[in-house]
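*Asks:* If it helps, the file is called run.cif and holds mmCIF, C-alpha atoms:
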```cif
data_model
loop_
_atom_site.label_atom_id
_atom_site.label_comp_id
_atom_site.auth_asym_id
_atom_site.auth_seq_id
_atom_site.Cartn_x
_atom_site.Cartn_y
_atom_site.Cartn_z
CA MET A 1 -17.81 -37.40 36.71
CA THR A 2 -15.09 -35.36 35.09
CA VAL A 3 -15.92 -32.04 33.51
CA SER A 4 -13.53 -30.84 30.91
CA THR A 5 -13.02 -27.23 30.11
CA PRO A 6 -12.53 -26.14 26.53
CA ALA A 7 -8.91 -25.84 25.54
CA LYS A 8 -7.78 -22.26 25.44
CA ALA A 9 -6.67 -21.18 22.01
CA ALA A 10 -2.93 -20.78 21.74
CA ALA A 11 -1.80 -17.20 21.60
CA LEU A 12 -0.91 -16.19 18.07
CA PRO A 13 2.71 -15.10 17.81
CA PHE A 14 1.88 -11.88 15.98
CA VAL A 15 -1.14 -10.60 17.88
CA ASP A 16 0.67 -7.93 19.90
CA GLY A 17 2.81 -6.99 16.91
CA ILE A 18 0.05 -5.94 14.53
CA PHE A 19 -2.18 -3.82 16.71
CA PRO A 20 0.08 -0.92 17.81
CA ALA A 21 -0.30 2.06 15.48
CA GLY A 22 3.43 2.41 14.85
CA CYS A 23 4.05 -1.25 14.07
CA PRO A 24 5.85 -1.85 10.73
CA SER A 25 3.48 -4.72 9.96
CA ARG A 26 0.62 -2.21 9.69
CA THR A 27 2.48 -0.43 6.89
CA VAL A 28 3.09 -3.68 5.02
CA LEU A 29 -0.54 -4.75 5.55
CA ASP A 30 -1.68 -1.44 4.06
CA HIS A 31 0.48 -2.05 0.98
CA VAL A 32 -0.40 -5.67 0.29
CA THR A 33 -4.08 -5.59 1.24
CA SER A 34 -5.05 -2.48 -0.67
CA LYS A 35 -7.47 -3.20 -3.50
CA TRP A 36 -4.83 -2.56 -6.16
CA GLY A 37 -2.04 -4.26 -4.23
CA VAL A 38 -4.03 -7.48 -4.01
CA LEU A 39 -5.08 -7.39 -7.66
CA LEU A 40 -1.57 -6.73 -8.93
CA LEU A 41 -0.04 -9.46 -6.76
CA VAL A 42 -2.65 -11.92 -8.01
CA ALA A 43 -2.08 -10.89 -11.63
CA LEU A 44 1.69 -11.25 -11.27
CA SER A 45 1.27 -14.67 -9.65
CA GLU A 46 0.45 -15.86 -13.18
CA GLY A 47 3.88 -14.77 -14.44
CA PRO A 48 5.78 -11.68 -15.63
CA GLN A 49 3.70 -8.97 -17.26
CA ARG A 50 4.18 -5.62 -18.90
CA TRP A 51 2.66 -2.36 -17.72
CA SER A 52 -0.10 -2.40 -20.34
CA GLU A 53 -1.04 -6.01 -19.45
CA LEU A 54 -1.33 -5.10 -15.78
CA ARG A 55 -3.41 -2.04 -16.60
CA ARG A 56 -5.83 -4.14 -18.65
CA ARG A 57 -6.04 -6.86 -15.97
CA ALA A 58 -6.81 -4.44 -13.13
CA GLU A 59 -9.77 -2.71 -14.78
CA GLY A 60 -10.37 0.76 -13.44
CA ILE A 61 -6.86 1.42 -12.14
CA SER A 62 -5.46 4.78 -13.18
CA GLU A 63 -1.94 5.13 -14.57
CA LYS A 64 -0.97 7.08 -11.46
CA MET A 65 -2.29 4.40 -9.09
CA LEU A 66 -0.70 1.60 -11.12
CA ALA A 67 2.67 3.34 -11.01
CA GLN A 68 2.35 4.13 -7.31
CA THR A 69 1.28 0.61 -6.34
CA LEU A 70 3.99 -1.07 -8.41
CA LYS A 71 6.61 1.28 -6.95
CA THR A 72 5.43 0.52 -3.41
CA LEU A 73 5.38 -3.26 -3.97
CA GLU A 74 8.83 -3.03 -5.55
CA ALA A 75 10.19 -1.02 -2.61
CA ASP A 76 8.75 -3.64 -0.22
CA GLY A 77 10.58 -6.38 -2.12
CA PHE A 78 7.52 -8.12 -3.57
CA VAL A 79 7.81 -7.02 -7.20
CA ARG A 80 10.80 -6.92 -9.55
CA ARG A 81 10.97 -4.29 -12.30
CA ASP A 82 13.03 -5.34 -15.31
CA ALA A 83 13.66 -2.47 -17.75
CA GLN A 84 14.99 -3.57 -21.14
CA PRO A 85 17.33 -1.11 -22.91
CA VAL A 86 15.41 -1.22 -26.19
CA ILE A 87 13.41 1.24 -28.24
CA PRO A 88 10.56 1.55 -27.52
CA PRO A 89 11.29 0.94 -23.85
CA ARG A 90 10.11 -2.41 -22.46
CA VAL A 91 9.51 -2.96 -18.78
CA ASP A 92 8.44 -6.29 -17.35
CA TYR A 93 7.14 -6.78 -13.83
CA SER A 94 7.36 -10.06 -11.93
CA LEU A 95 7.19 -11.34 -8.39
CA THR A 96 10.31 -11.79 -6.31
CA GLY A 97 10.67 -14.88 -4.12
CA ARG A 98 9.05 -12.97 -1.27
CA GLY A 99 6.24 -11.85 -3.61
CA GLU A 100 5.65 -15.45 -4.72
CA GLU A 101 5.46 -16.56 -1.10
CA LEU A 102 2.98 -13.78 -0.30
CA SER A 103 0.80 -14.40 -3.35
CA ALA A 104 0.64 -18.12 -2.55
CA LEU A 105 -0.84 -17.16 0.83
CA MET A 106 -3.23 -14.60 -0.69
CA LEU A 107 -4.61 -16.74 -3.53
CA PRO A 108 -6.83 -18.92 -1.28
CA LEU A 109 -8.29 -15.78 0.31
CA VAL A 110 -8.95 -14.19 -3.08
CA ALA A 111 -10.51 -17.45 -4.33
CA TRP A 112 -12.79 -17.51 -1.28
CA VAL A 113 -13.81 -13.90 -1.87
CA ALA A 114 -14.54 -14.58 -5.56
CA GLU A 115 -16.63 -17.62 -4.66
CA HIS A 116 -18.73 -15.83 -2.02
CA ALA A 117 -18.78 -12.20 -3.22
CA GLU A 118 -22.09 -12.31 -5.06
CA ALA A 119 -23.96 -13.88 -2.13
CA ILE A 120 -22.40 -11.40 0.30
CA VAL A 121 -23.06 -8.32 -1.82
CA ASN A 122 -26.62 -9.42 -2.70
CA ARG A 123 -27.69 -10.66 0.71
CA PRO A 124 -30.97 -9.24 1.99
CA VAL A 125 -30.70 -6.37 4.41
CA SER A 126 -32.07 -7.22 7.85
CA SER A 127 -34.37 -4.76 9.46
#
```
Output the file's structure in the form of structure tokens.

*Replies:*
Amino acid sequence: MTVSTPAKAAALPFVDGIFPAGCPSRTVLDHVTSKWGVLLLVALSEGPQRWSELRRRAEGISEKMLAQTLKTLEADGFVRRDAQPVIPPRVDYSLTGRGEELSALMLPLVAWVAEHAEAIVNRPVSS
């Protein structure tokens, strides 16, 4: 009789790189997984949008937080800011190639959360 042992899971290539406090991936994770970062990336995955459109889509975001989050995502290379030299000023925001790649990875997670959120939030509390 041969007894097999369960196969050991392969070590993930990033495991050691995300846990140290000073790791750059922690900074990027903070930016892209913040509540507003996720919502803005998802909104922009639908195409270019203006400031006012993004503000309406992400209900509850303050002007300060919208500006800060867009600036951070732009600095990280996920969002492109396109200012038109017209009066009144027009600024469009869109995803860069890197932002499109990231949002494609995030959309299934966000869809899962949307599908299960009500059941999770309303689940009975165990005693």

*Asks:* Translate the PyMOL selection byres ((chain A and resi 32-37) around 9), as applied to the file shown, into an explicit residue set as a ChimeraX atom specification.

*Replies:* /A:27-31,38-42,58,61,65-66,69-70,72-73,102

*Asks:* What's around segment 88-101 of chain A at 8 Å? Count only C-alpha atoms, leave out sequence neighbours fewer than 6 positions away in its own chain, and write the answer as a compact mmCIF listing (two decimals) with C-alpha atoms, in the coordinates of the input.

*Replies:*
```
# COMPACT_ATOMS: atom_id res chain seq x y z
CA LEU A 41 -0.04 -9.46 -6.76
CA LEU A 44 1.69 -11.25 -11.27
CA SER A 45 1.27 -14.67 -9.65
CA GLY A 47 3.88 -14.77 -14.44
CA PRO A 48 5.78 -11.68 -15.63
CA GLN A 49 3.70 -8.97 -17.26
CA ARG A 50 4.18 -5.62 -18.90
CA TRP A 51 2.66 -2.36 -17.72
CA GLY A 77 10.58 -6.38 -2.12
CA PHE A 78 7.52 -8.12 -3.57
CA VAL A 79 7.81 -7.02 -7.20
CA ARG A 80 10.80 -6.92 -9.55
CA ARG A 81 10.97 -4.29 -12.30
CA ASP A 82 13.03 -5.34 -15.31
```

*Asks:* Write out as AutoDock Vina command-line options an axis-aligned box for segment 58-71 of chain A: all of its atoms listed in the file, 3 Å added on each side, centre and edge lengths in Å with one decimal.

*Replies:*
```
--center_x -1.9 --center_y 1.3 --center_z -10.6 --size_x 23.0 --size_y 17.5 --size_z 14.4
```

*Asks:* I'd like to know which of A:Ala117, A:Val86, A:Asp76, A:Pro108 is closest to Pro24 of chain A, using only C-alpha atoms.

*Replies:* A:Asp76

*Asks:* Expressed in Å to a single decimal, how great is the separation between atom CA of Glu74 of chain A and atom CA of Leu54 of chain A?

*Replies:* 14.6 Å

*Asks:* Please compute the atom CA of Leu109 of chain A-atom CA of Arg123 of chain A distance, one decimal, in Å.

*Replies:* 20.1 Å

*Asks:* N, CA, C and O atoms for segment 92-116 of chain A, written as a compact mmCIF listing (two decimals), in the frame of the given file, could you do that?

*Replies:*
```
# COMPACT_ATOMS: atom_id res chain seq x y z
N ASP A 92 9.19 -5.14 -17.81
CA ASP A 92 8.44 -6.29 -17.35
C ASP A 92 8.42 -6.28 -15.82
O ASP A 92 9.41 -5.93 -15.19
N TYR A 93 7.29 -6.68 -15.28
CA TYR A 93 7.14 -6.78 -13.83
C TYR A 93 6.91 -8.25 -13.48
O TYR A 93 6.20 -8.96 -14.18
N SER A 94 7.53 -8.68 -12.39
CA SER A 94 7.36 -10.06 -11.93
C SER A 94 7.47 -10.07 -10.41
O SER A 94 7.88 -9.09 -9.79
N LEU A 95 7.09 -11.20 -9.83
CA LEU A 95 7.19 -11.34 -8.39
C LEU A 95 8.59 -11.80 -8.01
O LEU A 95 9.21 -12.60 -8.71
N THR A 96 9.07 -11.31 -6.90
CA THR A 96 10.31 -11.79 -6.31
C THR A 96 9.96 -13.07 -5.54
O THR A 96 8.78 -13.45 -5.46
N GLY A 97 10.94 -13.72 -4.95
CA GLY A 97 10.67 -14.88 -4.12
C GLY A 97 9.72 -14.55 -2.99
O GLY A 97 8.78 -15.31 -2.68
N ARG A 98 9.93 -13.40 -2.36
CA ARG A 98 9.05 -12.97 -1.27
C ARG A 98 7.64 -12.70 -1.80
O ARG A 98 6.65 -13.01 -1.16
N GLY A 99 7.55 -12.11 -2.99
CA GLY A 99 6.24 -11.85 -3.61
C GLY A 99 5.51 -13.14 -3.95
O GLY A 99 4.30 -13.23 -3.80
N GLU A 100 6.26 -14.15 -4.42
CA GLU A 100 5.65 -15.45 -4.72
C GLU A 100 5.12 -16.10 -3.45
O GLU A 100 4.03 -16.68 -3.45
N GLU A 101 5.89 -16.00 -2.38
CA GLU A 101 5.46 -16.56 -1.10
C GLU A 101 4.17 -15.87 -0.62
O GLU A 101 3.22 -16.52 -0.20
N LEU A 102 4.15 -14.55 -0.72
CA LEU A 102 2.98 -13.78 -0.30
C LEU A 102 1.77 -14.11 -1.17
O LEU A 102 0.68 -14.34 -0.66
N SER A 103 1.95 -14.14 -2.48
CA SER A 103 0.80 -14.40 -3.35
C SER A 103 0.25 -15.80 -3.13
O SER A 103 -0.96 -16.01 -3.22
N ALA A 104 1.11 -16.77 -2.83
CA ALA A 104 0.64 -18.12 -2.55
C ALA A 104 -0.27 -18.14 -1.31
O ALA A 104 -1.21 -18.92 -1.24
N LEU A 105 0.00 -17.27 -0.36
CA LEU A 105 -0.84 -17.16 0.83
C LEU A 105 -2.13 -16.40 0.54
O LEU A 105 -3.18 -16.67 1.12
N MET A 106 -2.07 -15.44 -0.39
CA MET A 106 -3.23 -14.60 -0.69
C MET A 106 -4.22 -15.28 -1.64
O MET A 106 -5.42 -15.00 -1.57
N LEU A 107 -3.74 -16.15 -2.52
CA LEU A 107 -4.61 -16.74 -3.53
C LEU A 107 -5.81 -17.49 -2.93
O LEU A 107 -6.93 -17.34 -3.44
N PRO A 108 -5.64 -18.28 -1.86
CA PRO A 108 -6.83 -18.92 -1.28
C PRO A 108 -7.85 -17.90 -0.75
O PRO A 108 -9.05 -18.11 -0.88
N LEU A 109 -7.39 -16.82 -0.17
CA LEU A 109 -8.29 -15.78 0.31
C LEU A 109 -9.04 -15.15 -0.86
O LEU A 109 -10.27 -14.98 -0.82
N VAL A 110 -8.33 -14.81 -1.91
CA VAL A 110 -8.95 -14.19 -3.08
C VAL A 110 -9.94 -15.16 -3.73
O VAL A 110 -11.03 -14.75 -4.16
N ALA A 111 -9.59 -16.44 -3.78
CA ALA A 111 -10.51 -17.45 -4.33
C ALA A 111 -11.78 -17.53 -3.49
O ALA A 111 -12.89 -17.61 -4.02
N TRP A 112 -11.63 -17.49 -2.16
CA TRP A 112 -12.79 -17.51 -1.28
C TRP A 112 -13.68 -16.30 -1.53
O TRP A 112 -14.90 -16.41 -1.62
N VAL A 113 -13.06 -15.13 -1.63
CA VAL A 113 -13.81 -13.90 -1.87
C VAL A 113 -14.56 -13.99 -3.20
O VAL A 113 -15.75 -13.67 -3.28
N ALA A 114 -13.89 -14.46 -4.24
CA ALA A 114 -14.54 -14.58 -5.56
C ALA A 114 -15.72 -15.54 -5.50
O ALA A 114 -16.78 -15.28 -6.09
N GLU A 115 -15.56 -16.62 -4.76
CA GLU A 115 -16.63 -17.62 -4.66
C GLU A 115 -17.85 -17.09 -3.91
O GLU A 115 -18.99 -17.43 -4.23
N HIS A 116 -17.64 -16.26 -2.90
CA HIS A 116 -18.73 -15.83 -2.02
C HIS A 116 -19.19 -14.38 -2.23
O HIS A 116 -20.17 -13.95 -1.62
```
